[in-house]
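Colleague: Quick one: the structure is below, questions incoming.
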Amino acid sequence: MGLLEGRVVIVTGGGRGLGRSHCLELARQGAMVVVNDLGLSLHGESEDGSVSPAEEVVSEIEAAGGAAVVDGTSVTDWDGMAALVERTVEMFGDLHAVVNNAGFIRDRMLVSMTEQDFDAVVAVHLKGTAALTRHACAYWRDQSKLGRKVTGRVVMTTSGAGLFGNVGQANYGSAKGAIATLAGLVALEMQRYGVTANAVSPIAATRMLASIGRSGAGGEAWDPLDPANASPVVAWLCSEESGWLSGSVLRVDGNTVRRVRGWTVEGGYKSTSGEALTTEELGLGIRKLFGAAPLGLAGA
Ligand SMILES: NC(=O)c1ccc[n+]([C@@H]2O[C@H](COP(=O)([O-])OP(=O)(O)OC[C@H]3O[C@@H](n4cnc5c(N)ncnc54)[C@H](O)[C@@H]3O)[C@@H](O)[C@H]2O)c1
């Protein structure tokens, strides 16, 4: 029996790349999967195709004996995400986890970025993640208030660009950083209702990674950049078993899962007067805080 037998999971952007791998692994573990995807290009434009990538994923799951349905709502559609949660519960009788994975990139240096490219990328990642999460959490809160046992799981997708920064990804990286923070906030707010929220930071040779100049190993028995490498972590986070872990960021790099820690407070410079800091003392004070030699000394 799989780890997710009887659980119902929505995966956004489930038609391609990482989302497709997540759907397949979730189904392999026994979950009923709603494969949400708009079939957009890498840069978020519509693509023509007789069979949407999400339909192909559903067929693959069904051929392997699993249960899945397609959904074509954009994650940026706030009310559409409410309707998706409602439809899922009607169709499968419940909802246990959401995997927020949909997205696209429009890389530019900030100085060359258009308002449209900023808004579109922030919307698909940050607003899209918040929208589905908000409506799933409302469902779980209502279930909890009715006295039902809730084991809700929110999985979000952050990235190295959001956690550590990357040149040319000011829109994408700031949205991804905010998503890591959002996971922590949702974890705090939903703890009382039996819901956890965690973020994964994958590294995979999808069309997205290829666009920034990296590709898979190709031809080797095991590919460290295979999108499927991140999916077991996503599947485990969707399970009842992961209920003790919330508000964390897990980076999946090849065959290794790492714990990423958030902001930390380090050191301190206290005013010399014992009262408020003055602008005048900060030239030296901040240098001390960062361990930099005082101005005028060799190498400073
Ligand atoms: N590939 C990597 O190395 C990497 C690294 C860090 C984070 N990520 C993140 O992982 C996620 C998946 O990336 P990928 O590399 O598989 O990309 P991908 O382009 O292969 O897949 C993204 C999917 O999202 C869908 N999508 C786009 N906009 C949508 C919308 N509004 N509503 C519903 N679906 C929509 C697309 O149609 C596509 O199928 C993204 O959030 C990405 O930022 C990827």
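Going through the structure tokens in order, the chains are called A, B, and so on, while each chain numbers its residues from 1 and the ligands are numbered from 1 in the order shown.
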How would you report the residues lying within 6 Å of ligand 1, as a VMD selection string, if you count only C-alpha atoms and all ligand atoms?
Modeller: chain A and resid 12 to 13 15 to 19 36 to 40 42 44 74 to 76 101 to 104 124 157 to 159 201 to 209
Colleague: Check the DSSP output for the backbone and give back, as a ChimeraX atom specification, the residues of region 71-228 of chain A in helix (DSSP H, G or I).
Modeller: /A:78-92,110-112,115-145,160-163,170-193,207-210,227-228
Colleague: Any chance you could list, as a list in words, the residues in region 231-295 of chain A that come up strand (DSSP E) when DSSP is run on the backbone?
Modeller: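 These are the residues in question: Val249, Leu250, Arg251, Val252, Asp253, Thr256, Val257, Arg258, Arg259 and Val260 of chain A.
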Colleague: Using the selection just defined, write its residues with C-alpha atoms as an mmCIF file, in the first residue's frame.
Modeller:
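The result, stored in part27.cif:
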```
data_model
loop_
_atom_site.group_PDB
_atom_site.id
_atom_site.type_symbol
_atom_site.label_atom_id
_atom_site.label_comp_id
_atom_site.auth_asym_id
_atom_site.auth_seq_id
_atom_site.Cartn_x
_atom_site.Cartn_y
_atom_site.Cartn_z
ATOM 1 C CA VAL A 249 12.173 24.743 3.598
ATOM 2 C CA LEU A 250 13.623 21.549 2.116
ATOM 3 C CA ARG A 251 16.116 21.827 -0.742
ATOM 4 C CA VAL A 252 16.284 18.748 -2.912
ATOM 5 C CA ASP A 253 19.546 18.438 -4.790
ATOM 6 C CA THR A 256 20.044 14.643 -1.128
ATOM 7 C CA VAL A 257 17.425 16.581 0.800
ATOM 8 C CA ARG A 258 18.759 19.501 2.817
ATOM 9 C CA ARG A 259 17.279 21.692 5.500
ATOM 10 C CA VAL A 260 17.409 25.427 4.678
#
```
Colleague: Counting only C-alpha atoms, which of A:Asp71, A:Gly152, A:Glu189, A:Leu110 gets nearest to Ser174 (chain A)?
Modeller: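 Of the candidates, the smallest distance to Ser174 (chain A) is held by A:Leu110.
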Colleague: I want to know what sits within 7 Å of His96 (chain A), based on only C-alpha atoms, with residues of the same chain fewer than 4 positions away left out; could you give that as a ChimeraX atom specification?
Modeller: /A:7-9,151-153
